[in-house]
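A.B. asks: My structure file query24.txt, compact mmCIF, C-alpha atoms and all ligand atoms, is below:
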# COMPACT_ATOMS: atom_id res chain seq x y z
CA MET A 1 0.00 0.00 0.00
CA LYS A 2 1.33 3.50 -0.85
CA LYS A 3 1.06 5.90 2.07
CA LEU A 4 -0.83 9.16 1.62
CA ALA A 5 0.01 12.69 2.72
CA ALA A 6 -3.18 14.70 2.28
CA GLY A 7 -3.43 18.45 2.87
CA ASN A 8 -6.69 20.22 3.67
CA TRP A 9 -6.48 23.94 2.95
CA LYS A 10 -10.00 24.48 4.34
CA MET A 11 -11.31 28.00 3.53
CA ASN A 12 -7.83 29.36 2.88
CA GLY A 13 -6.05 30.34 -0.29
CA SER A 14 -6.48 32.48 -3.35
CA MET A 15 -4.81 32.08 -6.76
CA ALA A 16 -1.56 33.33 -5.24
CA ALA A 17 -1.48 30.24 -3.01
CA LEU A 18 -0.88 28.04 -6.04
CA ALA A 19 2.77 29.12 -5.77
CA GLU A 20 2.99 27.08 -2.55
CA ALA A 21 1.82 23.99 -4.42
CA GLN A 22 4.36 24.68 -7.13
CA ALA A 23 7.13 24.97 -4.53
CA LEU A 24 5.98 21.70 -2.94
CA VAL A 25 6.23 19.82 -6.23
CA ALA A 26 9.56 21.43 -7.05
CA ALA A 27 10.98 20.22 -3.73
CA HIS A 28 9.37 16.77 -3.94
CA PRO A 29 9.22 15.81 -7.62
CA ALA A 30 9.14 12.05 -6.95
CA PRO A 31 8.01 11.23 -3.41
CA SER A 32 7.56 7.57 -2.52
CA CYS A 33 4.24 8.37 -0.84
CA GLU A 34 1.16 9.82 -2.49
CA MET A 35 0.79 13.60 -2.18
CA LEU A 36 -2.62 15.29 -2.24
CA LEU A 37 -3.80 18.85 -1.71
CA CYS A 38 -7.46 19.72 -1.17
CA PRO A 39 -7.78 23.46 -1.80
CA PRO A 40 -11.02 25.46 -1.70
CA ALA A 41 -13.32 24.58 -4.59
CA THR A 42 -12.43 27.84 -6.35
CA LEU A 43 -8.86 26.58 -6.89
CA ILE A 44 -9.45 22.95 -7.86
CA ALA A 45 -9.44 23.43 -11.64
CA ALA A 46 -6.46 25.78 -11.60
CA LEU A 47 -4.43 23.58 -9.25
CA SER A 48 -5.30 20.48 -11.26
CA ALA A 49 -4.07 22.17 -14.44
CA GLN A 50 -0.90 23.28 -12.71
CA ALA A 51 -0.27 19.82 -11.23
CA LYS A 52 -0.80 17.91 -14.48
CA GLY A 53 2.14 15.60 -15.14
CA THR A 54 3.43 15.88 -11.56
CA PRO A 55 2.86 13.50 -8.62
CA LEU A 56 0.61 16.06 -6.88
CA MET A 57 -3.05 15.05 -6.79
CA VAL A 58 -5.93 17.41 -6.10
CA GLY A 59 -9.07 16.84 -4.07
CA GLY A 60 -12.25 18.53 -2.93
CA GLN A 61 -13.31 19.17 0.67
CA ASP A 62 -16.96 18.15 0.31
CA CYS A 63 -19.53 17.11 -2.29
CA HIS A 64 -23.29 16.83 -2.58
CA PRO A 65 -24.80 13.32 -2.67
CA LYS A 66 -26.62 14.10 -5.93
CA ALA A 67 -24.89 14.44 -9.29
CA SER A 68 -26.73 17.64 -10.30
CA GLY A 69 -29.86 19.63 -9.58
CA ALA A 70 -31.38 22.54 -7.69
CA HIS A 71 -28.93 22.75 -4.79
CA THR A 72 -27.65 26.32 -4.72
CA GLY A 73 -24.07 26.62 -3.57
CA ASP A 74 -23.35 22.92 -3.60
CA ILE A 75 -20.87 21.02 -5.77
CA SER A 76 -21.30 17.43 -6.93
CA ALA A 77 -18.70 14.68 -7.05
CA VAL A 78 -19.11 14.60 -10.83
CA MET A 79 -18.19 18.29 -10.96
CA LEU A 80 -15.13 17.74 -8.77
CA LYS A 81 -13.99 14.97 -11.07
CA ASP A 82 -14.61 17.19 -14.11
CA ALA A 83 -12.46 19.92 -12.51
CA GLY A 84 -9.56 17.48 -12.13
CA ALA A 85 -10.03 16.18 -8.61
CA THR A 86 -9.14 12.59 -7.77
CA HIS A 87 -10.22 12.60 -4.10
CA VAL A 88 -12.76 14.27 -1.85
CA ILE A 89 -12.71 14.74 1.93
CA LEU A 90 -16.08 13.85 3.46
CA GLY A 91 -17.50 14.18 6.95
CA HIS A 92 -14.72 16.42 8.27
CA SER A 93 -15.60 17.39 11.84
CA GLU A 94 -15.95 21.03 10.79
CA ARG A 95 -18.67 19.99 8.33
CA ARG A 96 -20.29 17.68 10.86
CA THR A 97 -20.37 20.63 13.32
CA ASP A 98 -20.95 23.63 11.02
CA HIS A 99 -23.45 21.92 8.72
CA GLY A 100 -24.93 19.22 10.94
CA GLU A 101 -23.68 16.40 8.73
CA THR A 102 -24.76 12.97 9.94
CA ASP A 103 -23.14 9.60 9.31
CA ALA A 104 -25.95 8.78 6.87
CA LEU A 105 -25.29 11.93 4.85
CA VAL A 106 -21.54 11.31 4.86
CA LYS A 107 -22.19 7.77 3.61
CA ALA A 108 -24.45 9.06 0.81
CA LYS A 109 -21.80 11.58 -0.21
CA ALA A 110 -19.11 8.89 -0.18
CA GLU A 111 -21.26 6.68 -2.40
CA ALA A 112 -21.69 9.59 -4.82
CA ALA A 113 -17.94 10.19 -4.77
CA ILE A 114 -17.17 6.57 -5.59
CA ALA A 115 -19.80 6.50 -8.33
CA ALA A 116 -18.11 9.55 -9.87
CA GLY A 117 -14.73 7.82 -9.82
CA LEU A 118 -13.29 9.73 -6.86
CA ILE A 119 -11.53 8.34 -3.80
CA ALA A 120 -13.55 9.15 -0.68
CA ILE A 121 -11.60 10.26 2.39
CA VAL A 122 -14.09 9.67 5.19
CA CYS A 123 -13.31 11.49 8.45
CA ILE A 124 -14.28 10.32 11.91
CA GLY A 125 -13.21 11.32 15.42
CA GLU A 126 -14.30 11.82 18.97
CA THR A 127 -14.76 15.06 20.89
CA GLU A 128 -12.77 15.79 24.01
CA ALA A 129 -15.80 15.11 26.21
CA GLU A 130 -16.29 11.74 24.53
CA ARG A 131 -12.64 10.81 25.09
CA ASP A 132 -12.77 11.94 28.71
CA ALA A 133 -15.86 9.78 29.19
CA GLY A 134 -13.98 6.73 27.86
CA ARG A 135 -16.24 6.55 24.81
CA THR A 136 -13.66 7.03 22.03
CA LEU A 137 -13.85 3.57 20.50
CA ALA A 138 -17.64 3.41 20.82
CA VAL A 139 -18.02 6.79 19.10
CA ILE A 140 -15.65 6.18 16.22
CA GLY A 141 -16.96 2.63 15.78
CA THR A 142 -20.48 4.00 15.33
CA GLN A 143 -19.23 6.71 12.96
CA LEU A 144 -17.31 4.16 10.90
CA ASP A 145 -20.26 1.77 10.68
CA GLY A 146 -22.57 4.60 9.61
CA SER A 147 -20.26 6.43 7.20
CA VAL A 148 -18.51 3.72 5.19
CA PRO A 149 -20.11 3.62 1.74
CA ALA A 150 -21.50 0.58 -0.01
CA GLY A 151 -19.02 -0.73 -2.56
CA ALA A 152 -16.01 0.51 -0.61
CA THR A 153 -12.65 -1.04 -1.47
CA ALA A 154 -9.03 -0.33 -0.63
CA ALA A 155 -8.84 1.55 -3.93
CA ASN A 156 -11.75 3.95 -3.43
CA LEU A 157 -11.86 4.53 0.33
CA VAL A 158 -9.51 6.21 2.79
CA ILE A 159 -10.38 6.63 6.46
CA ALA A 160 -9.06 9.64 8.40
CA TYR A 161 -9.09 9.39 12.19
CA GLU A 162 -9.19 12.97 13.44
CA PRO A 163 -9.86 13.56 17.14
CA VAL A 164 -11.93 16.75 17.12
CA TRP A 165 -9.98 18.17 20.05
CA ALA A 166 -6.68 17.75 18.19
CA ILE A 167 -7.71 19.65 15.05
CA GLY A 168 -6.01 23.03 14.85
CA THR A 169 -5.16 23.01 18.55
CA GLY A 170 -1.53 21.88 18.59
CA ARG A 171 -2.58 19.00 20.86
CA THR A 172 -2.32 15.36 19.81
CA PRO A 173 -3.22 12.04 21.40
CA THR A 174 -0.34 9.97 22.73
CA LEU A 175 1.23 7.54 20.27
CA ALA A 176 -0.33 4.71 22.30
CA GLU A 177 -3.77 6.31 21.95
CA ILE A 178 -3.32 6.67 18.19
CA ALA A 179 -2.14 3.05 18.00
CA GLU A 180 -5.19 1.84 19.94
CA VAL A 181 -7.63 3.64 17.65
CA HIS A 182 -5.93 2.64 14.39
CA ALA A 183 -5.76 -1.04 15.36
CA PHE A 184 -9.43 -0.86 16.33
CA LEU A 185 -10.33 0.77 13.00
CA ARG A 186 -8.45 -1.84 10.97
CA ALA A 187 -10.34 -4.64 12.69
CA ARG A 188 -13.71 -2.90 12.53
CA LEU A 189 -13.23 -2.12 8.84
CA GLN A 190 -12.55 -5.79 8.19
CA GLY A 191 -16.03 -6.53 9.47
CA LEU A 192 -17.48 -3.89 7.14
CA ILE A 193 -15.61 -4.42 3.86
CA GLY A 194 -13.75 -7.70 4.36
CA PRO A 195 -10.18 -8.42 3.23
CA ASP A 196 -9.79 -5.03 1.50
CA ALA A 197 -9.57 -3.52 4.99
CA ALA A 198 -5.94 -4.64 5.14
CA GLY A 199 -5.02 -2.37 2.22
CA THR A 200 -7.25 0.60 3.03
CA ARG A 201 -5.29 3.67 4.07
CA LEU A 202 -5.96 4.79 7.64
CA LEU A 203 -4.79 8.38 8.05
CA TYR A 204 -4.20 10.18 11.31
CA GLY A 205 -5.20 13.86 11.40
CA GLY A 206 -5.00 16.53 14.07
CA SER A 207 -2.05 18.90 14.56
CA VAL A 208 0.38 16.87 12.46
CA LYS A 209 3.48 18.97 11.85
CA PRO A 210 7.09 18.41 10.82
CA SER A 211 8.18 17.96 14.46
CA ASN A 212 5.79 15.10 15.26
CA ALA A 213 5.26 13.47 11.86
CA THR A 214 8.05 10.89 12.08
CA ASP A 215 6.84 9.58 15.45
CA ILE A 216 3.21 9.42 14.32
CA PHE A 217 4.10 7.65 11.06
CA ALA A 218 5.92 4.94 13.03
CA VAL A 219 2.66 3.95 14.77
CA PRO A 220 1.26 0.65 13.44
CA HIS A 221 -1.71 1.04 11.07
CA VAL A 222 -0.98 4.74 10.45
CA ASP A 223 -0.79 4.91 6.66
CA GLY A 224 -0.42 8.64 6.28
CA ALA A 225 -1.87 11.91 7.49
CA LEU A 226 -4.61 14.42 6.86
CA VAL A 227 -2.99 17.77 7.53
CA GLY A 228 -4.70 21.12 7.99
CA GLY A 229 -2.62 24.12 9.04
CA ALA A 230 0.76 22.63 8.17
CA SER A 231 -0.37 21.93 4.59
CA LEU A 232 -0.60 25.63 3.77
CA LYS A 233 3.17 26.10 3.61
CA ALA A 234 5.19 24.10 1.11
CA ALA A 235 8.12 23.76 3.50
CA ASP A 236 6.00 22.31 6.32
CA PHE A 237 3.92 19.99 4.18
CA GLY A 238 7.04 18.98 2.27
CA ALA A 239 8.71 17.98 5.53
CA ILE A 240 5.69 15.81 6.35
CA VAL A 241 5.83 14.26 2.87
CA ALA A 242 9.54 13.56 3.43
CA ALA A 243 8.82 11.96 6.82
CA LEU A 244 6.21 9.69 5.24
CA SER A 245 8.51 8.82 2.34
CA ALA A 246 11.41 7.88 4.64
C1 LIG A 301 -7.80 18.95 9.63
O1 LIG A 301 -8.53 19.92 9.60
O2 LIG A 301 -8.12 17.95 8.96
C2 LIG A 301 -6.62 19.01 10.46
C3 LIG A 301 -6.06 17.87 10.77
O3 LIG A 301 -6.18 20.23 10.86
P1 LIG A 301 -4.79 20.55 11.63
O4 LIG A 301 -3.71 19.76 10.98
O5 LIG A 301 -4.61 22.02 11.45
O6 LIG A 301 -5.00 20.15 13.04
Take the structure I supplied and represent it as C-alpha cells, if you would.
Ligand code: PEP
C.D. replies:
Amino acid sequence: MKKLAAGNWKMNGSMAALAEAQALVAAHPAPSCEMLLCPPATLIAALSAQAKGTPLMVGGQDCHPKASGAHTGDISAVMLKDAGATHVILGHSERRTDHGETDALVKAKAEAAIAAGLIAIVCIGETEAERDAGRTLAVIGTQLDGSVPAGATAANLVIAYEPVWAIGTGRTPTLAEIAEVHAFLRARLQGLIGPDAAGTRLLYGGSVKPSNATDIFAVPHVDGALVGGASLKAADFGAIVAALSA
C-alpha cells in the first residue's frame, strides 16, 4: 500500500497560493508516498491544471450526494472529477459541526464520490468530552459503521481518524492512543468491507506537523496523514511528505 500525505487547505487560499503547491512539487518531484492537496473549490481546476504531469493530486473538501440539480451553492462529485479532482474529503468534523452532517449523509456523499470515480476520504473522530468519558472507540466505531459507503474497497476509500480536540489546537493524542484507535479501526473495517480492509489507508489527522510526523508515522496502522494548518506552507507539508517517504 502506498502511504498518503493529504493536505486540507479548508477555507484558505487564493490564486496566489498556487505558488505554494508549485514549490511543494519542485521540492518533492518524486516522493515515494502519495501527495494530495485539497484546496477550496475555487482553486481545484487551476491547481489540477498546474499539477498535471506531476505527482501532486488534487481533491475537494466536500460534495453533494446528488450528481446535479437545484442545490444552490453545492458542488457534486461529478463536478469535482470534471475539474480534475481525484479525491474528496467527506465528513470532516468542521462539516459535521458547522453543517450538521450525519453519518448517513456522509455515507451518501461517499457513495456519490465513488460513483463519480473519486476516492472518498471519510473522516471520523471523537470530541474531548467523549474521550474523557472513555467513549472514544464506541463513538468512532459508530461513525465508521454509519459512514462507510457501499461498494467501498481499498482503492476507493480512505479513512481519516481525526480527534476533534486535536484539530487546529496543537494537541495530539499519545502515540499509544493513536495506536489503539488505528488497530481498532483496521479490525472494525474488516467486518465492514472484508479483506480489503488490510489495504485501506488509515490516516491520522490533528495537529500533524514536521516535528511530530516521524513519530506518528511509526505507529502501526498509520498509513499517512490528513494535515490542515501545516499543509498551507510548502516547507512544512514537504517535511511531512519527506517523513512519510522515509
Ligand atoms: C484537519 O482539519 O483535517 C486538520 C487535521 O487540521 P490541523 O492539521 O490544522 O489540526
A.B. asks: Which value, in Å to one decimal, gives the distance between CA of Ala19 in chain A and CA of Ser207 in chain A?
C.D. replies: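 Going from CA of Ala19 in chain A over to CA of Ser207 in chain A, I get 23.3 Å.
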A.B. asks: Dig up all the protein and nucleic acid residues within 10 Å of (-11.2, 26.0, -7.4) in the file frame, using only C-alpha atoms, and format them as a list in words.
C.D. replies: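 Within 10 Å of (-11.2, 26.0, -7.4), the protein and nucleic acid residues are Gly13, Ser14, Met15, Cys38, Pro39, Pro40, Ala41, Thr42, Leu43, Ile44, Ala45, Ala46, Leu47, Ser48, Gly59, Gly60, Leu80, Ala83, Gly84 and Ala85 of chain A.
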A.B. asks: List as a list in words the protein and nucleic acid residues near range 228-245 of chain A, meaning an atom at most 8 Å away when all atoms listed in the file are counted, but skip any in the same chain fewer than 5 places from it.
C.D. replies: Lys3, Leu4, Ala5, Gly7, Asn8, Trp9, Lys10, Glu20, Ala21, Ala23, Leu24, Ala27, His28, Pro31, Ser32, Cys33, Met35, Leu37, Ile167, Gly168, Gly206, Ser207, Val208, Lys209, Pro210, Ala213, Thr214 and Phe217 of chain A
A.B. asks: Just how far from CA of Gly117 in chain A is CA of Gln190 in chain A, in Å to one decimal?
C.D. replies: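 One can read the CA of Gln190 in chain A to CA of Gly117 in chain A distance as 22.7 Å.
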A.B. asks: List as a PDB file with C-alpha atoms, in the coordinates of the input: which residues have an atom within 10 Å of (-6.5, 10.8, 9.9), counting all atoms listed in the file?
C.D. replies:
ATOM      1  CA  ALA A   5       0.010  12.690   2.720  1.00  0.00           C
ATOM      2  CA  ALA A   6      -3.180  14.700   2.280  1.00  0.00           C
ATOM      3  CA  ILE A 121     -11.600  10.260   2.390  1.00  0.00           C
ATOM      4  CA  VAL A 122     -14.090   9.670   5.190  1.00  0.00           C
ATOM      5  CA  CYS A 123     -13.310  11.490   8.450  1.00  0.00           C
ATOM      6  CA  ILE A 124     -14.280  10.320  11.910  1.00  0.00           C
ATOM      7  CA  GLY A 125     -13.210  11.320  15.420  1.00  0.00           C
ATOM      8  CA  VAL A 158      -9.510   6.210   2.790  1.00  0.00           C
ATOM      9  CA  ILE A 159     -10.380   6.630   6.460  1.00  0.00           C
ATOM     10  CA  ALA A 160      -9.060   9.640   8.400  1.00  0.00           C
ATOM     11  CA  TYR A 161      -9.090   9.390  12.190  1.00  0.00           C
ATOM     12  CA  GLU A 162      -9.190  12.970  13.440  1.00  0.00           C
ATOM     13  CA  PRO A 163      -9.860  13.560  17.140  1.00  0.00           C
ATOM     14  CA  ILE A 178      -3.320   6.670  18.190  1.00  0.00           C
ATOM     15  CA  HIS A 182      -5.930   2.640  14.390  1.00  0.00           C
ATOM     16  CA  ARG A 201      -5.290   3.670   4.070  1.00  0.00           C
ATOM     17  CA  LEU A 202      -5.960   4.790   7.640  1.00  0.00           C
ATOM     18  CA  LEU A 203      -4.790   8.380   8.050  1.00  0.00           C
ATOM     19  CA  TYR A 204      -4.200  10.180  11.310  1.00  0.00           C
ATOM     20  CA  GLY A 205      -5.200  13.860  11.400  1.00  0.00           C
ATOM     21  CA  GLY A 206      -5.000  16.530  14.070  1.00  0.00           C
ATOM     22  CA  VAL A 208       0.380  16.870  12.460  1.00  0.00           C
ATOM     23  CA  VAL A 222      -0.980   4.740  10.450  1.00  0.00           C
ATOM     24  CA  ASP A 223      -0.790   4.910   6.660  1.00  0.00           C
ATOM     25  CA  GLY A 224      -0.420   8.640   6.280  1.00  0.00           C
ATOM     26  CA  ALA A 225      -1.870  11.910   7.490  1.00  0.00           C
ATOM     27  CA  LEU A 226      -4.610  14.420   6.860  1.00  0.00           C
ATOM     28  CA  VAL A 227      -2.990  17.770   7.530  1.00  0.00           C
TER      29      VAL A 227
END
A.B. asks: So, with only C-alpha atoms and all ligand atoms as the atoms that count, which of A:Leu189, A:Ala16, A:Ala154, A:Ile89 lies closest to ligand LIG 301 (chain A)?
C.D. replies: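 Using only C-alpha atoms and all ligand atoms, the shortest distance to ligand LIG 301 (chain A) belongs to A:Ile89.
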A.B. asks: Looking at all atoms listed in the file, which of A:Pro149, A:Gly134, A:Pro173, A:Pro55 is the one that sits closest to ligand LIG 301 (chain A)?
C.D. replies: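 Going through A:Pro149, A:Gly134, A:Pro173, A:Pro55 one by one, the smallest distance to ligand LIG 301 (chain A) is for A:Pro173.
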A.B. asks: Nearest to ligand LIG 301 (chain A): which of A:Pro195, A:Gly91, A:Gly100, A:Pro220 is it, counting only C-alpha atoms and all ligand atoms?
C.D. replies: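 Answer, going by the shortest atom-to-atom distance: A:Gly91.
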A.B. asks: What's the separation between CA of Met11 in chain A and CA of Gln61 in chain A, in Å to one decimal place?
C.D. replies: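 A separation of 9.5 Å between them.
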A.B. asks: Could you check the closest approach to Leu192 in chain A for each of A:Asp145, A:Glu94, A:Glu126, A:Glu34 and tell me which residue wins, using only C-alpha atoms?
C.D. replies: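 Closest candidate: A:Asp145.
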A.B. asks: Within 12 Å of Arg131 in chain A, counting all atoms listed in the file, which residues qualify if same-chain residues fewer than 3 places away don't, as a list in words?
C.D. replies: Gly125, Glu126, Thr127, Glu128, Gly134, Arg135, Thr136, Leu137, Ala138, Val139, Ile140, Pro163, Val164, Trp165, Ala166, Pro173, Glu177 and Val181 of chain A
A.B. asks: Out of A:Thr142, A:Ser93, A:Asn12, A:Thr153, which residue has the shortest atom-to-atom distance to ligand LIG 301 (chain A) when counting only C-alpha atoms and all ligand atoms?
C.D. replies: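 Looking only at the distances to ligand LIG 301 (chain A), the closest residue turns out to be A:Ser93.
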A.B. asks: I'd like to know which of A:Ala108, A:Leu90, A:Ala116, A:Val58 is closest to ligand LIG 301 (chain A), using all atoms listed in the file.
C.D. replies: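 Once distances to ligand LIG 301 (chain A) are computed over all atoms listed in the file, the minimum belongs to A:Leu90.
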A.B. asks: Reconstruct range 55-66 of chain A at the level of all heavy atoms, and format the result as an mmCIF file, in the frame of the given file.
C.D. replies:
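Contents of the output file out27.cif:
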data_model
loop_
_atom_site.group_PDB
_atom_site.id
_atom_site.type_symbol
_atom_site.label_atom_id
_atom_site.label_comp_id
_atom_site.auth_asym_id
_atom_site.auth_seq_id
_atom_site.Cartn_x
_atom_site.Cartn_y
_atom_site.Cartn_z
ATOM 1 N N PRO A 55 3.473 14.478 -9.552
ATOM 2 C CA PRO A 55 2.860 13.500 -8.620
ATOM 3 C C PRO A 55 1.797 14.115 -7.718
ATOM 4 O O PRO A 55 1.151 13.388 -6.965
ATOM 5 C CB PRO A 55 4.047 13.012 -7.792
ATOM 6 C CG PRO A 55 5.116 14.003 -7.966
ATOM 7 C CD PRO A 55 4.867 14.767 -9.215
ATOM 8 N N LEU A 56 1.603 15.434 -7.766
ATOM 9 C CA LEU A 56 0.610 16.060 -6.880
ATOM 10 C C LEU A 56 -0.803 15.776 -7.376
ATOM 11 O O LEU A 56 -1.117 16.012 -8.545
ATOM 12 C CB LEU A 56 0.838 17.580 -6.812
ATOM 13 C CG LEU A 56 -0.150 18.340 -5.925
ATOM 14 C CD1 LEU A 56 -0.002 17.925 -4.457
ATOM 15 C CD2 LEU A 56 0.044 19.849 -6.072
ATOM 16 N N MET A 57 -1.627 15.264 -6.475
ATOM 17 C CA MET A 57 -3.050 15.050 -6.790
ATOM 18 C C MET A 57 -3.872 16.123 -6.080
ATOM 19 O O MET A 57 -3.419 16.727 -5.100
ATOM 20 C CB MET A 57 -3.478 13.654 -6.336
ATOM 21 C CG MET A 57 -2.695 12.550 -7.036
ATOM 22 S SD MET A 57 -3.203 10.896 -6.508
ATOM 23 C CE MET A 57 -2.625 10.885 -4.825
ATOM 24 N N VAL A 58 -5.088 16.315 -6.592
ATOM 25 C CA VAL A 58 -5.930 17.410 -6.100
ATOM 26 C C VAL A 58 -7.280 16.844 -5.679
ATOM 27 O O VAL A 58 -7.842 15.985 -6.366
ATOM 28 C CB VAL A 58 -6.096 18.483 -7.199
ATOM 29 C CG1 VAL A 58 -6.982 19.632 -6.711
ATOM 30 C CG2 VAL A 58 -4.735 19.006 -7.641
ATOM 31 N N GLY A 59 -7.788 17.334 -4.550
ATOM 32 C CA GLY A 59 -9.070 16.840 -4.070
ATOM 33 C C GLY A 59 -9.997 17.951 -3.632
ATOM 34 O O GLY A 59 -9.567 19.097 -3.422
ATOM 35 N N GLY A 60 -11.270 17.609 -3.483
ATOM 36 C CA GLY A 60 -12.250 18.530 -2.930
ATOM 37 C C GLY A 60 -12.375 18.342 -1.431
ATOM 38 O O GLY A 60 -11.808 17.407 -0.853
ATOM 39 N N GLN A 61 -13.128 19.230 -0.799
ATOM 40 C CA GLN A 61 -13.310 19.170 0.670
ATOM 41 C C GLN A 61 -14.713 18.720 1.058
ATOM 42 O O GLN A 61 -14.998 18.564 2.255
ATOM 43 C CB GLN A 61 -13.035 20.546 1.280
ATOM 44 C CG GLN A 61 -11.631 21.047 1.053
ATOM 45 C CD GLN A 61 -11.437 22.461 1.582
ATOM 46 O OE1 GLN A 61 -12.263 22.988 2.322
ATOM 47 N NE2 GLN A 61 -10.337 23.079 1.189
ATOM 48 N N ASP A 62 -15.573 18.547 0.060
ATOM 49 C CA ASP A 62 -16.960 18.150 0.310
ATOM 50 C C ASP A 62 -17.612 17.914 -1.047
ATOM 51 O O ASP A 62 -17.122 18.405 -2.060
ATOM 52 C CB ASP A 62 -17.730 19.258 1.063
ATOM 53 C CG ASP A 62 -19.193 18.902 1.293
ATOM 54 O OD1 ASP A 62 -19.449 17.768 1.748
ATOM 55 O OD2 ASP A 62 -20.068 19.748 1.004
ATOM 56 N N CYS A 63 -18.702 17.161 -1.075
ATOM 57 C CA CYS A 63 -19.530 17.110 -2.290
ATOM 58 C C CYS A 63 -20.967 16.841 -1.873
ATOM 59 O O CYS A 63 -21.233 16.391 -0.749
ATOM 60 C CB CYS A 63 -19.029 16.051 -3.275
ATOM 61 S SG CYS A 63 -19.308 14.343 -2.753
ATOM 62 N N HIS A 64 -21.860 17.113 -2.793
ATOM 63 C CA HIS A 64 -23.290 16.830 -2.580
ATOM 64 C C HIS A 64 -23.548 15.369 -2.943
ATOM 65 O O HIS A 64 -22.875 14.824 -3.819
ATOM 66 C CB HIS A 64 -24.125 17.768 -3.455
ATOM 67 C CG HIS A 64 -25.573 17.794 -3.086
ATOM 68 N ND1 HIS A 64 -26.467 16.831 -3.510
ATOM 69 C CD2 HIS A 64 -26.280 18.658 -2.321
ATOM 70 C CE1 HIS A 64 -27.661 17.101 -3.016
ATOM 71 N NE2 HIS A 64 -27.582 18.211 -2.291
ATOM 72 N N PRO A 65 -24.519 14.719 -2.296
ATOM 73 C CA PRO A 65 -24.800 13.320 -2.670
ATOM 74 C C PRO A 65 -25.429 13.152 -4.054
ATOM 75 O O PRO A 65 -25.345 12.069 -4.642
ATOM 76 C CB PRO A 65 -25.753 12.826 -1.580
ATOM 77 C CG PRO A 65 -26.221 14.036 -0.847
ATOM 78 C CD PRO A 65 -25.231 15.136 -1.094
ATOM 79 N N LYS A 66 -26.028 14.208 -4.588
ATOM 80 C CA LYS A 66 -26.620 14.100 -5.930
ATOM 81 C C LYS A 66 -25.630 14.562 -6.987
ATOM 82 O O LYS A 66 -24.730 15.344 -6.706
ATOM 83 C CB LYS A 66 -27.880 14.961 -6.006
ATOM 84 C CG LYS A 66 -28.985 14.547 -5.043
ATOM 85 C CD LYS A 66 -30.262 14.206 -5.816
ATOM 86 C CE LYS A 66 -31.304 13.570 -4.919
ATOM 87 N NZ LYS A 66 -32.004 14.547 -4.076
#
